[in-house]
>>> print(open('final.cif').read())   # mmCIF, C-alpha atoms
data_data
loop_
_atom_site.label_atom_id
_atom_site.label_comp_id
_atom_site.auth_asym_id
_atom_site.auth_seq_id
_atom_site.Cartn_x
_atom_site.Cartn_y
_atom_site.Cartn_z
CA MET A 1 104.20 95.27 72.02
CA ALA A 2 103.68 94.84 68.26
CA SER A 3 103.51 91.07 68.52
CA ALA A 4 100.84 91.38 71.22
CA MET A 5 98.66 93.71 69.15
CA LEU A 6 95.49 92.27 67.65
CA ALA A 7 94.43 93.13 64.12
CA PRO A 8 90.94 93.79 62.76
CA GLY A 9 89.30 90.45 62.06
CA ASP A 10 90.93 88.72 65.05
CA ALA A 11 88.64 87.03 67.55
CA ILE A 12 88.32 88.02 71.20
CA GLY A 13 87.07 85.46 73.68
CA ILE A 14 84.76 86.65 76.46
CA LEU A 15 84.04 84.58 79.55
CA GLY A 16 80.52 85.35 80.73
CA GLY A 17 77.45 86.19 78.70
CA GLY A 18 75.71 88.93 80.70
CA GLN A 19 75.15 92.57 79.84
CA LEU A 20 78.80 93.52 80.38
CA GLY A 21 79.91 90.85 77.92
CA ARG A 22 77.24 92.06 75.52
CA MET A 23 78.51 95.64 75.61
CA ILE A 24 82.14 94.52 75.27
CA ALA A 25 81.18 92.52 72.17
CA LEU A 26 79.35 95.49 70.65
CA ALA A 27 82.39 97.72 71.21
CA ALA A 28 84.72 95.09 69.76
CA ALA A 29 82.59 94.76 66.63
CA ARG A 30 82.85 98.50 66.08
CA LEU A 31 86.63 98.13 65.97
CA GLY A 32 86.47 95.22 63.54
CA PHE A 33 86.96 92.35 65.99
CA ARG A 34 84.84 89.23 66.21
CA CYS A 35 83.80 87.90 69.60
CA HIS A 36 83.36 84.36 70.86
CA VAL A 37 81.36 84.32 74.11
CA TYR A 38 81.64 81.40 76.51
CA ALA A 39 78.98 80.95 79.20
CA PRO A 40 77.03 78.11 80.79
CA GLU A 41 73.64 79.86 80.51
CA PRO A 42 71.93 79.09 77.15
CA GLU A 43 69.94 82.35 77.14
CA SER A 44 72.90 84.68 77.74
CA PRO A 45 72.27 88.24 76.41
CA ALA A 46 75.79 88.54 74.96
CA PHE A 47 75.14 85.62 72.59
CA ASP A 48 72.78 87.84 70.56
CA VAL A 49 75.57 90.19 69.46
CA ALA A 50 78.56 87.81 69.21
CA ALA A 51 79.92 86.17 66.09
CA ARG A 52 80.10 82.85 67.94
CA HIS A 53 79.17 81.40 71.30
CA THR A 54 79.74 78.29 73.38
CA VAL A 55 77.37 76.98 76.02
CA ALA A 56 79.44 74.95 78.47
CA ALA A 57 80.41 74.79 82.12
CA TYR A 58 83.50 76.64 83.33
CA ASP A 59 85.07 73.32 84.32
CA ASN A 60 84.57 71.68 80.91
CA GLU A 61 88.23 71.34 79.92
CA LEU A 62 87.58 70.16 76.36
CA ALA A 63 85.24 73.07 75.65
CA LEU A 64 87.71 75.51 77.21
CA ARG A 65 90.55 74.21 75.03
CA GLN A 66 88.46 74.54 71.88
CA PHE A 67 87.40 78.03 72.95
CA ALA A 68 91.00 79.13 73.55
CA ALA A 69 92.08 77.74 70.16
CA SER A 70 89.45 79.90 68.41
CA VAL A 71 90.52 83.30 69.76
CA ALA A 72 93.52 85.63 69.79
CA CYS A 73 93.03 86.62 73.45
CA VAL A 74 90.59 86.02 76.29
CA THR A 75 88.94 88.45 78.68
CA PHE A 76 86.07 88.17 81.17
CA GLU A 77 83.02 90.16 82.19
CA PHE A 78 82.78 89.02 85.83
CA GLU A 79 85.32 88.40 88.56
CA ASN A 80 84.11 85.04 89.85
CA VAL A 81 85.89 83.03 87.16
CA PRO A 82 87.29 79.80 88.67
CA ALA A 83 91.09 79.81 88.93
CA ALA A 84 91.29 76.45 87.16
CA THR A 85 89.37 77.89 84.20
CA LEU A 86 91.85 80.71 83.83
CA GLU A 87 94.81 78.33 84.11
CA THR A 88 93.47 76.13 81.31
CA LEU A 89 92.91 79.14 79.04
CA ALA A 90 96.17 80.95 79.89
CA ALA A 91 98.17 77.94 78.76
CA ARG A 92 96.72 78.36 75.28
CA ALA A 93 95.92 82.05 74.73
CA PRO A 94 96.75 85.43 76.32
CA VAL A 95 94.32 86.20 79.15
CA ARG A 96 93.84 89.92 79.85
CA PRO A 97 93.63 90.92 82.66
CA GLY A 98 95.76 88.14 84.07
CA ALA A 99 95.58 85.66 86.93
CA LYS A 100 97.42 87.91 89.41
CA ALA A 101 94.83 90.67 89.19
CA LEU A 102 91.95 88.25 89.35
CA SER A 103 93.26 86.29 92.34
CA ILE A 104 93.70 89.45 94.43
CA CYS A 105 90.42 91.06 93.40
CA GLN A 106 88.49 87.86 94.09
CA ASP A 107 89.53 88.05 97.74
CA ARG A 108 88.35 91.00 99.82
CA VAL A 109 91.13 90.51 102.36
CA LEU A 110 93.91 90.49 99.76
CA GLU A 111 92.60 93.59 97.98
CA LYS A 112 92.34 95.55 101.22
CA ARG A 113 95.86 94.51 102.21
CA LEU A 114 97.11 95.67 98.80
CA ALA A 115 95.32 99.01 99.13
CA ARG A 116 96.96 99.60 102.51
CA GLU A 117 100.38 98.56 101.21
CA LEU A 118 100.01 101.28 98.57
CA GLY A 119 99.19 103.91 101.18
CA ALA A 120 95.41 104.02 100.79
CA ARG A 121 92.94 103.97 103.66
CA THR A 122 90.40 101.19 104.18
CA ALA A 123 87.92 100.31 106.87
CA ASP A 124 89.38 98.37 109.78
CA PHE A 125 89.10 94.68 108.95
CA ALA A 126 89.97 91.17 110.10
CA THR A 127 89.60 87.66 108.74
CA VAL A 128 86.90 85.36 110.11
CA ASP A 129 86.84 81.57 109.70
CA SER A 130 84.56 80.41 112.52
CA LEU A 131 81.72 81.60 114.73
CA ALA A 132 84.06 81.77 117.71
CA GLU A 133 86.48 83.93 115.72
CA LEU A 134 83.63 86.17 114.61
CA LYS A 135 82.60 86.80 118.21
CA LEU A 136 86.20 87.67 119.04
CA ARG A 137 86.56 90.00 116.05
CA ILE A 138 83.36 91.90 116.87
CA GLY A 139 84.95 92.79 120.19
CA GLN A 140 88.11 93.96 118.42
CA ILE A 141 86.52 95.78 115.46
CA GLY A 142 83.48 97.04 117.33
CA ALA A 143 79.84 97.26 116.33
CA PRO A 144 78.19 98.14 114.10
CA ALA A 145 80.22 96.21 111.54
CA ILE A 146 79.62 94.19 108.41
CA LEU A 147 80.48 90.56 107.69
CA LYS A 148 81.23 89.66 104.07
CA THR A 149 82.36 86.47 102.41
CA ARG A 150 85.94 86.83 101.22
CA ARG A 151 84.91 85.65 97.75
CA PHE A 152 81.92 85.44 95.42
CA GLY A 153 79.79 88.35 96.56
CA TYR A 154 78.18 91.19 94.59
CA ASP A 155 75.15 93.52 94.83
CA GLY A 156 74.98 92.91 98.57
CA LYS A 157 75.03 89.12 98.32
CA GLY A 158 77.14 87.25 100.88
CA GLN A 159 76.91 90.08 103.43
CA ALA A 160 75.35 90.60 106.85
CA VAL A 161 75.21 93.63 109.14
CA LEU A 162 76.33 93.18 112.75
CA ARG A 163 74.72 95.82 114.95
CA ARG A 164 75.64 94.11 118.24
CA GLN A 165 77.51 91.09 119.58
CA GLU A 166 74.27 89.05 119.67
CA ASP A 167 74.00 89.23 115.85
CA ALA A 168 77.02 86.95 115.41
CA GLU A 169 75.20 83.62 115.03
CA ARG A 170 72.64 85.00 112.59
CA ALA A 171 75.36 86.63 110.50
CA TRP A 172 77.55 83.52 110.49
CA ASP A 173 74.57 81.42 109.37
CA SER A 174 73.87 83.89 106.55
CA VAL A 175 77.35 83.43 105.04
CA LYS A 176 77.00 79.64 105.47
CA GLY A 177 80.32 79.26 107.23
CA ALA A 178 82.35 80.60 104.31
CA SER A 179 85.73 82.20 104.97
CA SER A 180 84.86 85.84 105.57
CA ILE A 181 86.02 89.32 106.48
CA ILE A 182 84.59 91.62 109.12
CA GLU A 183 84.82 95.34 108.38
CA SER A 184 84.15 98.35 110.57
CA PHE A 185 81.49 100.80 109.45
CA VAL A 186 82.93 103.86 107.78
CA PRO A 187 80.91 107.04 108.37
CA PHE A 188 80.69 108.42 104.86
CA GLU A 189 78.96 111.19 102.98
CA ARG A 190 78.95 109.60 99.55
CA GLU A 191 80.19 106.64 97.53
CA ILE A 192 82.34 107.23 94.47
CA SER A 193 84.19 105.13 91.95
CA VAL A 194 87.06 105.52 89.53
CA VAL A 195 86.89 103.62 86.26
CA ALA A 196 90.36 103.30 84.78
CA ALA A 197 92.11 101.52 81.93
CA ARG A 198 95.66 100.23 81.81
CA ALA A 199 97.26 99.29 78.50
CA LEU A 200 99.77 96.55 77.70
CA ASP A 201 102.60 99.10 77.79
CA GLY A 202 101.52 100.36 81.24
CA ALA A 203 99.80 103.54 80.05
CA VAL A 204 96.85 104.51 82.26
CA LYS A 205 93.80 106.62 81.48
CA THR A 206 91.01 107.37 83.92
CA PHE A 207 87.46 108.62 83.48
CA ALA A 208 85.90 111.37 85.58
CA VAL A 209 85.28 110.34 89.18
CA THR A 210 81.71 109.09 89.48
CA GLU A 211 79.26 109.46 92.38
CA ASN A 212 77.00 106.47 93.02
CA GLU A 213 73.64 106.02 94.70
CA HIS A 214 72.55 102.58 95.90
CA ARG A 215 69.14 101.31 96.97
CA GLU A 216 68.72 97.90 98.56
CA GLN A 217 72.44 97.35 97.88
CA ILE A 218 71.98 97.70 94.10
CA LEU A 219 73.40 100.61 92.12
CA ARG A 220 70.53 102.80 91.00
CA ARG A 221 72.13 106.02 89.75
CA SER A 222 75.58 107.30 88.84
CA VAL A 223 76.54 110.91 88.17
CA ALA A 224 79.81 112.23 86.77
CA PRO A 225 81.68 114.22 87.84
CA ALA A 226 81.29 113.48 91.55
CA ALA A 227 80.57 116.38 93.91
CA ILE A 228 83.92 116.21 95.71
CA HIS A 229 86.87 118.54 96.18
CA PRO A 230 89.33 118.53 93.25
CA SER A 231 92.13 117.34 95.54
CA THR A 232 90.00 114.36 96.61
CA ALA A 233 89.36 113.51 92.97
CA ARG A 234 93.08 113.66 92.19
CA GLU A 235 93.84 111.37 95.12
CA ALA A 236 91.21 108.84 93.97
CA LEU A 237 92.64 108.83 90.44
CA ALA A 238 96.18 108.40 91.77
CA ILE A 239 95.18 105.48 94.00
CA ALA A 240 93.49 103.76 91.06
CA ALA A 241 96.62 104.17 88.93
CA ARG A 242 98.82 102.70 91.69
CA LEU A 243 96.49 99.74 92.10
CA GLY A 244 96.49 99.06 88.36
CA ALA A 245 100.29 99.02 88.27
CA ALA A 246 100.57 96.80 91.36
CA LEU A 247 98.15 94.31 89.81
CA ASP A 248 100.02 94.38 86.47
CA TYR A 249 96.56 95.00 85.09
CA VAL A 250 95.55 95.07 81.42
CA GLY A 251 92.06 96.31 80.65
CA VAL A 252 89.40 98.36 82.42
CA PHE A 253 88.84 98.12 86.16
CA ALA A 254 87.01 100.09 88.82
CA VAL A 255 87.90 101.14 92.35
CA GLU A 256 85.02 101.89 94.71
CA PHE A 257 85.57 104.40 97.53
CA PHE A 258 83.74 105.80 100.52
CA VAL A 259 84.19 109.54 101.06
CA GLY A 260 84.12 110.53 104.72
CA ALA A 261 84.88 113.75 106.56
CA GLU A 262 87.49 114.37 109.24
CA GLY A 263 88.41 117.76 110.62
CA GLY A 264 86.68 119.53 107.76
CA SER A 265 88.60 117.53 105.12
CA GLU A 266 87.38 114.77 102.83
CA MET A 267 88.88 111.34 103.51
CA LEU A 268 88.98 108.46 101.01
CA TYR A 269 88.55 104.82 101.96
CA VAL A 270 89.02 102.06 99.37
CA ASN A 271 86.04 99.72 99.50
CA GLU A 272 86.49 97.25 96.63
CA ILE A 273 88.32 96.72 93.35
CA ALA A 274 86.34 95.32 90.43
CA PRO A 275 88.59 93.66 87.80
CA ARG A 276 86.26 94.36 84.89
CA VAL A 277 84.16 97.00 83.20
CA HIS A 278 81.79 98.40 85.81
CA ASN A 279 78.16 99.43 86.15
CA SER A 280 79.16 102.87 87.42
CA GLY A 281 81.02 103.44 84.13
CA HIS A 282 78.01 102.93 81.88
CA TRP A 283 77.63 106.70 81.53
CA THR A 284 80.74 106.63 79.32
CA LEU A 285 78.79 104.95 76.51
CA ASP A 286 77.24 108.31 75.64
CA GLY A 287 79.05 110.74 77.92
CA ALA A 288 82.75 110.24 77.06
CA ASP A 289 84.81 110.32 73.88
CA THR A 290 85.65 106.64 74.40
CA SER A 291 83.34 104.31 76.32
CA GLN A 292 84.70 102.05 79.04
CA PHE A 293 83.83 99.08 76.81
CA GLU A 294 85.80 100.34 73.81
CA GLN A 295 88.63 101.29 76.16
CA HIS A 296 88.70 97.73 77.51
CA VAL A 297 88.86 96.31 73.99
CA ARG A 298 91.63 98.74 73.06
CA ALA A 299 93.64 97.74 76.14
CA ILE A 300 93.37 93.97 75.76
CA ALA A 301 93.99 94.22 72.00
CA GLY A 302 97.24 96.15 72.52
CA LEU A 303 95.85 99.28 70.87
CA PRO A 304 96.32 102.91 72.00
CA LEU A 305 93.89 103.98 74.69
CA GLY A 306 91.27 106.51 73.66
CA SER A 307 90.36 109.92 75.04
CA THR A 308 88.38 109.84 78.29
CA ALA A 309 87.16 113.45 77.99
CA MET A 310 83.59 113.99 79.13
CA ARG A 311 80.94 115.23 76.72
CA GLY A 312 78.96 118.04 78.28
CA MET A 313 79.14 119.46 81.79
CA GLY A 314 77.99 116.26 83.46
CA VAL A 315 76.35 112.89 82.82
CA GLU A 316 73.71 110.88 84.66
CA MET A 317 73.19 107.12 84.34
CA VAL A 318 70.10 105.44 85.81
CA ASN A 319 69.77 101.67 85.97
CA LEU A 320 66.47 100.16 84.86
CA ILE A 321 65.84 97.48 87.46
CA GLY A 322 62.98 95.01 87.25
CA ALA A 323 59.72 96.68 86.19
CA ASP A 324 61.55 99.99 85.55
CA VAL A 325 62.23 98.70 82.06
CA LEU A 326 58.52 98.90 81.22
CA ARG A 327 58.99 102.67 80.92
CA TRP A 328 61.09 102.21 77.78
CA PRO A 329 58.58 103.91 75.41
CA ASP A 330 58.54 107.04 77.60
CA ILE A 331 62.35 107.06 77.76
CA LEU A 332 62.59 106.81 73.98
CA ALA A 333 60.26 109.81 73.70
CA GLU A 334 62.41 111.90 76.05
CA PRO A 335 64.72 114.36 74.23
CA GLY A 336 68.37 113.68 75.03
CA ALA A 337 67.80 110.37 76.82
CA GLN A 338 69.86 107.43 75.54
CA LEU A 339 68.30 104.02 76.19
CA HIS A 340 70.33 100.81 76.45
CA LEU A 341 68.43 97.53 76.88
CA TYR A 342 70.24 94.29 77.63
CA GLY A 343 68.04 91.80 75.78
CA LYS A 344 66.97 89.96 78.91
CA GLY A 345 63.64 88.18 79.20
CA GLU A 346 61.76 88.35 82.48
CA ALA A 347 61.89 91.65 84.37
CA ARG A 348 62.37 90.17 87.84
CA PRO A 349 62.74 92.39 90.95
CA GLY A 350 66.39 93.34 91.43
CA ARG A 351 67.38 92.33 87.88
CA LYS A 352 69.24 94.92 85.80
CA MET A 353 67.35 95.12 82.53
CA GLY A 354 69.01 98.17 81.00
CA HIS A 355 70.01 101.75 81.70
CA VAL A 356 69.45 105.28 80.45
CA THR A 357 72.00 108.09 80.19
CA ARG A 358 71.41 111.82 80.07
CA ILE A 359 74.08 114.41 79.25
CA LEU A 360 74.02 117.83 80.90
CA ARG A 361 74.94 120.25 78.13
CA ASP A 362 75.10 123.49 80.12
#
>>> encode(input="final.cif", output="structure tokens")
Amino acid sequence: MASAMLAPGDAIGILGGGQLGRMIALAAARLGFRCHVYAPEPESPAFDVAARHTVAAYDNELALRQFAASVACVTFEFENVPAATLETLAARAPVRPGAKALSICQDRVLEKRLARELGARTADFATVDSLAELKLRIGQIGAPAILKTRRFGYDGKGQAVLRRQEDAERAWDSVKGASSIIESFVPFEREISVVAARALDGAVKTFAVTENEHREQILRRSVAPAAIHPSTAREALAIAARLGAALDYVGVFAVEFFVGAEGGSEMLYVNEIAPRVHNSGHWTLDGADTSQFEQHVRAIAGLPLGSTAMRGMGVEMVNLIGADVLRWPDILAEPGAQLHLYGKGEARPGRKMGHVTRILRD
């Protein structure tokens, strides 16, 4: 492990220049690392806080080679990294997490199969590659159901609800004929997530289970700890640890769950695995001894993982979406509120502009 450990002053490469990359770079700087951010968008928020940045496409092999030569290891802030990009970089620098984790988490079918192999529940599901197959699967899965592209979907993108057989053509048109997955609806009481970190030596640390509230398929509010039975929380943490080991994961990841009820007991269903730092873990910036971003840097740098103990009795995180960010002066005037702005320009509807955390002290 010693040879894999980074030293202060080493450079970390980050693929993607959004707010997650920005917060990873800020955490890395605190530990004495320099960051080189690679993204195709010239106005990327992470560029503002990085020691160096490259504006280039993810298929620009020359730029990727130069990027890899400038860093001690590479990580990424979003899961839709092209496989060819990762292959080019991995031949020249350690990539953490690795290709195995990314390839499974990029595919909703593969991640659900893995969850079931490890003994976790998921919604009923089936692959769909044509309109005719979709019509067949609706009959097998039942309606209502949801159609999702197997790859490249987030915040509700690449999804369509099927409330009856007659919705098949509209749904298939909405995913533009992409290879997809149909999932049964899971009757649930709440959505939760586990944010976990796995180190190079296999050590795992998890943060408190978080309860999430979505509006228009975008995360609006997260609260930790989740209002679930302690045994349900332990099961969620255990599932996350098993998934991290099966993926040979290095870094921070999140597992999203639905919590349903059956016979008076809470039942967990794995929804998705996010191979990166996660929006529902933003509360850790102010509400935990070690933030998810510092924990990710520690993991990929080969350093000991930090304490995940919560500060206070509970923590709330609220996303500032679109025009919500215009309330920033009022938030700054609020005792105990911690404001985090992402340095983005236009406050468009549905765009995450920042977030605010509040710690419950008693």
>>> closest_residue(input="final.cif", among="A:Met23, A:Leu134, A:Ala7, A:Ala227", to="Val71 of chain A", atoms="all atoms listed in the file")
A:Ala7
>>> residues_around(input="final.cif", residues="segment 171-175 of chain A", least_positions_apart="4", cutoff="8 Å", atoms="only C-alpha atoms", output="ChimeraX atom specification")
/A:130-131,134,147-149,158-162,167,180
>>> closest_atom_pairs(input="final.cif", of="segment 157-224 of chain A", to="segment 238-251 of chain A", cutoff="6 Å", atoms="all atoms listed in the file", output="Markdown table")
| residue | atom | partner | partner_atom | distance |
| --- | --- | --- | --- | --- |
| A:Ala197 | CA | A:Gly251 | CA | 5.4 |
| A:Arg198 | CA | A:Val250 | CA | 5.2 |
| A:Ala199 | CA | A:Val250 | CA | 5.4 |
| A:Leu200 | CA | A:Val250 | CA | 5.8 |
>>> closest_residue(input="final.cif", among="A:Pro225, A:Pro335, A:Gly345, A:Pro82", to="Met310 of chain A", atoms="only C-alpha atoms")
A:Pro225
>>> residues_around(input="final.cif", residues="segment 272-285 of chain A", least_positions_apart="4", cutoff="8 Å", atoms="all atoms listed in the file", output="PyMOL selection string")
chain A and resi 20+76-79+97+101-102+105+108+111-112+193+195+210+212+219+222-224+251-257+289-293+296+310+315-317+357
>>> closest_residue(input="final.cif", among="A:Asp201, A:Asp286, A:Glu266, A:Glu294", to="Arg30 of chain A", atoms="all atoms listed in the file")
A:Glu294
>>> resolve_selection(input="final.cif", expression="the PyMOL selection byres ((chain A and resi 182) around 7)", output="NGL selection string")
:A and (125-128 or 145-148 or 180-181 or 183-184)
>>> atom_distance(input="final.cif", atom1="atom CA of Asp129 of chain A", atom2="atom CA of Gln165 of chain A")
16.6 Å
>>> residues_around(input="final.cif", residues="Ala28 of chain A", least_positions_apart="3", cutoff="12 Å", atoms="all atoms listed in the file", output="VMD selection string")
chain A and resid 6 to 14 21 to 25 31 to 36 49 to 51 75 291 to 301 303
>>> atom_distance(input="final.cif", atom1="atom CA of Leu89 of chain A", atom2="atom CA of Gln66 of chain A")
9.6 Å
>>> residues_around(input="final.cif", residues="Ala120 of chain A", least_positions_apart="4", cutoff="8 Å", atoms="all atoms listed in the file", output="PDB file with C-alpha atoms, in the frame of the given file")
ATOM      1  CA  ALA A 115      95.320  99.010  99.130  1.00  0.00           C
ATOM      2  CA  ARG A 116      96.960  99.600 102.510  1.00  0.00           C
ATOM      3  CA  ILE A 239      95.180 105.480  94.000  1.00  0.00           C
ATOM      4  CA  LEU A 268      88.980 108.460 101.010  1.00  0.00           C
ATOM      5  CA  TYR A 269      88.550 104.820 101.960  1.00  0.00           C
ATOM      6  CA  VAL A 270      89.020 102.060  99.370  1.00  0.00           C
TER       7      VAL A 270
END
>>> closest_residue(input="final.cif", among="A:Leu237, A:Leu332, A:Ala323, A:Ile228", to="Gly260 of chain A", atoms="all atoms listed in the file")
A:Ile228
>>> closest_residue(input="final.cif", among="A:Ser70, A:Gln106, A:Thr54, A:Asn319", to="Gln338 of chain A", atoms="all atoms listed in the file")
A:Asn319
